[in-house]
Amino acid sequence: MSDTQAPAAAVELDGKDLPAFCPNPKMPIWSSHPRVFIDVTHTGEGRCPYCGTAYRLKPGAIVKGHGRVRAPPAAIGART
């Protein structure tokens with residue numbers, strides 16, 4: 001028997017889900033930690049420093065804010 005666990009799938013976010021934060025509303029209350037905001041707008045992904053939950057923008061997600069609309073680099077590379 002092994003103590004290693006397979007990494008959980010990343011939480012996929014759409015532009016309307018931003019700003020991303022952890023713990024997210026789908027997490028059970030018993031596993032809470034202080035709320036932290038996860039920056040996924042620059043690289044398209046991020047990880048919670050407390051629990052390690054991975055967050056990723058969905059392919060094609062549009063990030064709105066600061067007077068501009070743009071797709072993150074991961075989404076730009078996915079277009080043909």
# chains A, B, ... in the order shown; residues from 1 in each chain; ligands from 1
>>> residues_around(residues="stretch 54-56 of chain A", least_positions_apart="3", cutoff="12 Å", atoms="only C-alpha atoms", output="PDB file with C-alpha atoms, in the first residue's frame")
ATOM      1  CA  PRO A   7      -3.261  14.811  -7.677  1.00  0.00           C
ATOM      2  CA  ALA A   8      -6.828  16.082  -7.793  1.00  0.00           C
ATOM      3  CA  ALA A   9      -8.085  17.555 -11.031  1.00  0.00           C
ATOM      4  CA  ALA A  10      -7.721  21.310 -11.288  1.00  0.00           C
ATOM      5  CA  VAL A  11     -10.705  23.525 -10.627  1.00  0.00           C
ATOM      6  CA  GLU A  12     -11.583  24.994 -14.033  1.00  0.00           C
ATOM      7  CA  LEU A  13     -12.715  28.612 -14.064  1.00  0.00           C
ATOM      8  CA  ASP A  14     -14.450  30.778 -16.611  1.00  0.00           C
ATOM      9  CA  GLY A  15     -14.028  34.552 -16.852  1.00  0.00           C
ATOM     10  CA  ASP A  17     -15.733  33.078 -11.954  1.00  0.00           C
ATOM     11  CA  LEU A  18     -12.956  35.624 -11.376  1.00  0.00           C
ATOM     12  CA  PRO A  19     -11.486  36.673  -9.067  1.00  0.00           C
ATOM     13  CA  ALA A  20     -10.538  33.129  -8.095  1.00  0.00           C
ATOM     14  CA  PHE A  21     -10.283  32.369  -4.397  1.00  0.00           C
ATOM     15  CA  CYS A  22      -9.700  29.403  -2.129  1.00  0.00           C
ATOM     16  CA  PRO A  23     -11.402  27.765  -0.352  1.00  0.00           C
ATOM     17  CA  ASN A  24     -13.995  27.785  -3.106  1.00  0.00           C
ATOM     18  CA  PHE A  37      -7.101  35.018  -3.916  1.00  0.00           C
ATOM     19  CA  ILE A  38      -5.422  33.049  -6.702  1.00  0.00           C
ATOM     20  CA  ASP A  39      -4.025  34.949  -9.703  1.00  0.00           C
ATOM     21  CA  VAL A  40      -4.788  32.916 -12.813  1.00  0.00           C
ATOM     22  CA  THR A  41      -4.929  35.840 -15.233  1.00  0.00           C
ATOM     23  CA  HIS A  42      -1.242  35.924 -16.237  1.00  0.00           C
ATOM     24  CA  THR A  43      -0.373  32.273 -16.810  1.00  0.00           C
ATOM     25  CA  GLY A  44      -3.833  30.707 -16.966  1.00  0.00           C
ATOM     26  CA  GLU A  45      -3.300  28.701 -13.775  1.00  0.00           C
ATOM     27  CA  GLY A  46      -2.471  29.025 -10.101  1.00  0.00           C
ATOM     28  CA  ARG A  47      -2.269  27.013  -6.889  1.00  0.00           C
ATOM     29  CA  CYS A  48      -3.498  27.657  -3.348  1.00  0.00           C
ATOM     30  CA  PRO A  49      -0.568  28.131  -0.951  1.00  0.00           C
ATOM     31  CA  TYR A  50      -2.536  26.529   1.912  1.00  0.00           C
ATOM     32  CA  CYS A  51      -4.075  23.359   0.478  1.00  0.00           C
ATOM     33  CA  PRO A  59      -9.747  27.039 -22.722  1.00  0.00           C
ATOM     34  CA  GLY A  60     -11.143  30.105 -24.469  1.00  0.00           C
ATOM     35  CA  ALA A  61     -12.031  31.884 -21.212  1.00  0.00           C
ATOM     36  CA  PRO A  72      -4.848  34.516 -21.166  1.00  0.00           C
ATOM     37  CA  PRO A  73      -1.795  33.019 -22.958  1.00  0.00           C
ATOM     38  CA  ALA A  74      -3.062  29.451 -22.631  1.00  0.00           C
ATOM     39  CA  ALA A  75      -6.327  30.374 -24.355  1.00  0.00           C
TER      40      ALA A  75
END
>>> select_by_dssp(residues="stretch 24-65 of chain A", states="strand (DSSP E)", output="list in words")
Val36, Phe37, Ile38, Glu45, Gly46, Arg47, Ala54, Tyr55, Arg56, Leu57, Val63, Lys64 and Gly65 of chain A
>>> write_last_selection(atoms="N, CA and C atoms", output="compact mmCIF listing (two decimals), in the first residue's frame")
# COMPACT_ATOMS: atom_id res chain seq x y z
N VAL A 36 -7.78 33.06 0.37
CA VAL A 36 -6.71 33.66 -0.41
C VAL A 36 -7.19 33.79 -1.84
N PHE A 37 -6.75 34.83 -2.52
CA PHE A 37 -7.10 35.02 -3.92
C PHE A 37 -5.98 34.46 -4.78
N ILE A 38 -6.36 33.74 -5.82
CA ILE A 38 -5.42 33.05 -6.70
C ILE A 38 -5.37 33.80 -8.03
N GLU A 45 -3.14 29.65 -14.87
CA GLU A 45 -3.30 28.70 -13.78
C GLU A 45 -2.64 29.22 -12.51
N GLY A 46 -3.04 28.65 -11.39
CA GLY A 46 -2.47 29.03 -10.10
C GLY A 46 -2.76 27.95 -9.09
N ARG A 47 -2.13 28.04 -7.92
CA ARG A 47 -2.27 27.01 -6.89
C ARG A 47 -2.41 27.69 -5.53
N ALA A 54 -5.28 23.22 -7.28
CA ALA A 54 -4.90 23.88 -8.54
C ALA A 54 -6.14 24.52 -9.16
N TYR A 55 -5.96 25.72 -9.71
CA TYR A 55 -7.01 26.45 -10.41
C TYR A 55 -6.50 26.74 -11.80
N ARG A 56 -7.39 26.58 -12.80
CA ARG A 56 -6.99 26.78 -14.19
C ARG A 56 -8.15 27.42 -14.94
N LEU A 57 -7.82 28.35 -15.84
CA LEU A 57 -8.84 28.93 -16.70
C LEU A 57 -9.24 27.92 -17.76
N VAL A 63 -10.90 36.99 -19.99
CA VAL A 63 -10.65 37.71 -18.74
C VAL A 63 -10.95 39.18 -18.96
N LYS A 64 -11.88 39.72 -18.17
CA LYS A 64 -12.27 41.12 -18.30
C LYS A 64 -11.76 41.87 -17.07
N GLY A 65 -11.33 43.09 -17.28
CA GLY A 65 -10.92 43.90 -16.14
C GLY A 65 -9.99 45.00 -16.54
>>> closest_residue(among="A:Pro28, A:Gly52, A:Pro34, A:Lys58", to="A:Lys16", atoms="only C-alpha atoms")
A:Lys58
